[in-house]
Structure formats: C-alpha cells, structure tokens
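J.: Have a look at this one before I ask anything.
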Amino acid sequence: MKIRYLGPSPAINVGMGGQNVRPHIKDKVLEYPKEIGEDLLLDESNNFEAVKEKPETRVRSDVMDAAIAAIKAGDVTGEGKPHVKAIEVILGRDITAKERDTAWDQIKAAEADNE
C-alpha cells in the first residue's frame with residue numbers, strides 16, 4: 001500500500017513490526033504492507049494519505065527506457081518531451097502519443113521524487 005506522509009514534522013518514524021523502524025520523510029511516498037498502511041491511515045494523530053496508482057497510467061518499461069534514451073539523445077519537443085518517432089525508432093515498433101505522454105509524466109514524477 002502506497003502512503004504519503006503529509007507532515008508537519010520533516011520526518012516520522014514508522015514501526016514495521018518488531019524492532020523494524022523506518023523513517024518516512026514528509027511528502028514522500030513509501031510502500032507499506034496493507035495492515036500497516038491501514039493502521040497509519042486510521043491513526044488520526046498522524047497525517048498520512050493513501051496514494052492510488054491507476055494501472056492504466058503506467059507504460060511498459062521498454063517504452064520508459066526508450067523515452068529516457070530519446071531524452072538523453074536530445075530528440076525532444078520544445079517542452080522537453082521525447083518525440084514519438086524517436087521512441088519508435090529505438091523500440092522498433094509504433095507507440096501512441098498517449099503512451100509517450102504517460103512515459104513523460106512518469107519520468108517527471110520520478111525526478112520530483114528524487115529531489
């Protein structure tokens with residue numbers, strides 16, 4: 001279960017059962033076992049929210065890899081998105097603009113998570 005800690009502290013320690021404690025940094029999303037995630041959401045003294053990931057908003061890893069390769073090669077639009085044709089050449093098959101846009105959204109989200 002994906003959970004985001006909303007603060008107010010910069011981080012909070014979350015017990016994972018037994019002696020396992022894991023720091024959860026504010027605004028970061030971490031994966032928890034379902035039982036622990038549900039407990040975090042029910043505890044009103046903490047400020048957590050569930051993060052839903054829709055399967056239809058994910059693209060295949062080969063499309064992601066090709067999109068990243070196109071970006072590194074500089075084959076991008078004015079907005080920085082990789083060109084559909086560049087991804088297709090790398091993959092050796094056709095993709096849709098929607099697939100490229102989804103890959104672009106995932107790349108930007110990953111960059112934001114790493115900051």
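Every chain in the structure tokens takes a letter, A first, then B, and so on in the order presented; its residues are numbered from 1, and the ligands are numbered from 1 following the presented order.
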With only C-alpha atoms as the counted atoms, please give the residues lying no more than 12 Å from A:Asp105, apart from itself and same-chain residues fewer than 4 positions off, as a PyMOL selection string.
T.: chain A and resi 57-59+64+67-68+80-82+98-101+109-112
J.: Give me a file of those residues, with N, CA and C atoms, as a PDB file, in the first residue's frame.
T.:
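Written output follows (result_3.pdb):
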ATOM      1  N   THR A  57      -2.323   4.196 -16.036  1.00  0.00           N
ATOM      2  CA  THR A  57      -1.441   5.342 -16.153  1.00  0.00           C
ATOM      3  C   THR A  57       0.025   4.922 -16.137  1.00  0.00           C
ATOM      4  N   ARG A  58       0.282   3.649 -16.333  1.00  0.00           N
ATOM      5  CA  ARG A  58       1.646   3.153 -16.393  1.00  0.00           C
ATOM      6  C   ARG A  58       1.932   2.664 -17.807  1.00  0.00           C
ATOM      7  N   VAL A  59       3.165   2.810 -18.227  1.00  0.00           N
ATOM      8  CA  VAL A  59       3.559   2.277 -19.528  1.00  0.00           C
ATOM      9  C   VAL A  59       4.589   1.179 -19.311  1.00  0.00           C
ATOM     10  N   MET A  64       9.443   3.289 -21.369  1.00  0.00           N
ATOM     11  CA  MET A  64      10.141   4.210 -20.461  1.00  0.00           C
ATOM     12  C   MET A  64      11.622   4.291 -20.816  1.00  0.00           C
ATOM     13  N   ALA A  67      12.071   6.189 -23.997  1.00  0.00           N
ATOM     14  CA  ALA A  67      11.804   7.617 -23.795  1.00  0.00           C
ATOM     15  C   ALA A  67      13.002   8.299 -23.145  1.00  0.00           C
ATOM     16  N   ILE A  68      13.568   7.651 -22.143  1.00  0.00           N
ATOM     17  CA  ILE A  68      14.749   8.199 -21.469  1.00  0.00           C
ATOM     18  C   ILE A  68      15.925   8.288 -22.437  1.00  0.00           C
ATOM     19  N   GLY A  80      10.396  19.531 -23.867  1.00  0.00           N
ATOM     20  CA  GLY A  80      11.310  18.544 -23.303  1.00  0.00           C
ATOM     21  C   GLY A  80      10.837  17.115 -23.428  1.00  0.00           C
ATOM     22  N   LYS A  81       9.615  16.916 -23.950  1.00  0.00           N
ATOM     23  CA  LYS A  81       9.097  15.551 -24.130  1.00  0.00           C
ATOM     24  C   LYS A  81       9.854  14.861 -25.257  1.00  0.00           C
ATOM     25  N   PRO A  82      10.103  13.576 -25.120  1.00  0.00           N
ATOM     26  CA  PRO A  82      10.744  12.859 -26.225  1.00  0.00           C
ATOM     27  C   PRO A  82       9.782  12.765 -27.403  1.00  0.00           C
ATOM     28  N   LYS A  98      -0.208   9.135 -26.580  1.00  0.00           N
ATOM     29  CA  LYS A  98      -0.660   8.949 -25.196  1.00  0.00           C
ATOM     30  C   LYS A  98       0.359   8.132 -24.405  1.00  0.00           C
ATOM     31  N   GLU A  99       0.918   7.079 -25.019  1.00  0.00           N
ATOM     32  CA  GLU A  99       1.953   6.291 -24.343  1.00  0.00           C
ATOM     33  C   GLU A  99       3.170   7.150 -24.039  1.00  0.00           C
ATOM     34  N   ARG A 100       3.570   7.958 -25.020  1.00  0.00           N
ATOM     35  CA  ARG A 100       4.709   8.860 -24.797  1.00  0.00           C
ATOM     36  C   ARG A 100       4.411   9.841 -23.669  1.00  0.00           C
ATOM     37  N   ASP A 101       3.196  10.418 -23.655  1.00  0.00           N
ATOM     38  CA  ASP A 101       2.830  11.380 -22.615  1.00  0.00           C
ATOM     39  C   ASP A 101       2.815  10.736 -21.236  1.00  0.00           C
ATOM     40  N   ALA A 109       7.594  12.586 -12.655  1.00  0.00           N
ATOM     41  CA  ALA A 109       7.245  12.203 -11.282  1.00  0.00           C
ATOM     42  C   ALA A 109       8.450  11.581 -10.576  1.00  0.00           C
ATOM     43  N   ALA A 110       9.192  10.747 -11.284  1.00  0.00           N
ATOM     44  CA  ALA A 110      10.378  10.107 -10.705  1.00  0.00           C
ATOM     45  C   ALA A 110      11.434  11.160 -10.372  1.00  0.00           C
ATOM     46  N   GLU A 111      11.585  12.149 -11.247  1.00  0.00           N
ATOM     47  CA  GLU A 111      12.544  13.234 -10.979  1.00  0.00           C
ATOM     48  C   GLU A 111      12.138  13.998  -9.738  1.00  0.00           C
ATOM     49  N   ALA A 112      10.835  14.281  -9.590  1.00  0.00           N
ATOM     50  CA  ALA A 112      10.347  15.014  -8.429  1.00  0.00           C
ATOM     51  C   ALA A 112      10.566  14.211  -7.146  1.00  0.00           C
TER      52      ALA A 112
END
J.: Which stretch 2-73 of chain A residues have any atom within 8 Å of an atom of stretch 84-96 of chain A, and for each, what is the nearest pair of atoms with distance in Å to one decimal, counting only C-alpha atoms, rows sorted by chain and number, as JSON lines?
T.:
{"residue": "A:Asp62", "atom": "CA", "partner": "A:Leu91", "partner_atom": "CA", "distance": 7.4}
{"residue": "A:Val63", "atom": "CA", "partner": "A:Ile87", "partner_atom": "CA", "distance": 7.2}
{"residue": "A:Ala66", "atom": "CA", "partner": "A:Ile87", "partner_atom": "CA", "distance": 5.3}
{"residue": "A:Ala67", "atom": "CA", "partner": "A:Ile87", "partner_atom": "CA", "distance": 5.6}
{"residue": "A:Ala70", "atom": "CA", "partner": "A:Ala86", "partner_atom": "CA", "distance": 6.0}
J.: Store the residues picked out above in a file with C-alpha atoms, as a CSV table (one decimal), in the first residue's frame.
T.:
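Contents of selection_18.csv, freshly written:
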chain,number,residue,atom,x,y,z
A,62,ASP,CA,10.6,-0.7,-22.6
A,63,VAL,CA,8.7,2.5,-23.5
A,66,ALA,CA,13.3,4.3,-24.9
A,67,ALA,CA,11.8,7.6,-23.8
A,70,ALA,CA,15.5,9.7,-26.6
J.: Of the residues A:Leu40, A:Lys34, A:Ser61, A:Lys28, which is the one nearest to A:Gly15, using only C-alpha atoms?
T.: A:Leu40
J.: DSSP on the backbone: what in chain A comes out strand (DSSP E), as a list in words?
T.: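 Matching residues for strand (DSSP E) in chain A are Lys2, Ile3, Arg4, Tyr5, Ala11, Ile12, Asn13, Val14, Gly15, Val21, Arg22, Pro23, His24, Ile25, Val29, Leu30, Glu31, Phe48, Glu49 and Ala50 of chain A.
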J.: Just write the chosen residues, C-alpha atoms, as a PDB file, in the first residue's frame.
T.:
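result_1.pdb, freshly written:
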ATOM      1  CA  LYS A   2       1.471   3.358  -1.021  1.00  0.00           C
ATOM      2  CA  ILE A   3       1.316   6.017   1.678  1.00  0.00           C
ATOM      3  CA  ARG A   4       2.419   9.690   1.698  1.00  0.00           C
ATOM      4  CA  TYR A   5       3.354  11.437   4.947  1.00  0.00           C
ATOM      5  CA  ALA A  11      10.019  13.051   9.029  1.00  0.00           C
ATOM      6  CA  ILE A  12       8.348  10.476  11.254  1.00  0.00           C
ATOM      7  CA  ASN A  13       9.497   7.012  12.326  1.00  0.00           C
ATOM      8  CA  VAL A  14       7.066   4.251  11.417  1.00  0.00           C
ATOM      9  CA  GLY A  15       7.214   0.894  13.183  1.00  0.00           C
ATOM     10  CA  VAL A  21      11.506   1.180  12.372  1.00  0.00           C
ATOM     11  CA  ARG A  22      11.512   3.104   9.128  1.00  0.00           C
ATOM     12  CA  PRO A  23      11.784   6.896   8.727  1.00  0.00           C
ATOM     13  CA  HIS A  24       9.119   8.393   6.469  1.00  0.00           C
ATOM     14  CA  ILE A  25      10.092  11.797   5.089  1.00  0.00           C
ATOM     15  CA  VAL A  29       5.545   8.071  -0.914  1.00  0.00           C
ATOM     16  CA  LEU A  30       6.575   4.743   0.597  1.00  0.00           C
ATOM     17  CA  GLU A  31       5.200   1.232   0.175  1.00  0.00           C
ATOM     18  CA  PHE A  48      -0.875  10.236   6.159  1.00  0.00           C
ATOM     19  CA  GLU A  49      -2.775   9.730   2.919  1.00  0.00           C
ATOM     20  CA  ALA A  50      -3.155   6.740   0.635  1.00  0.00           C
TER      21      ALA A  50
END
J.: Out of chain A, which residues get alpha helix (DSSP H) from DSSP, as an NGL selection string?
T.: :A and (34-42 or 61-72 or 84-91 or 97-113)
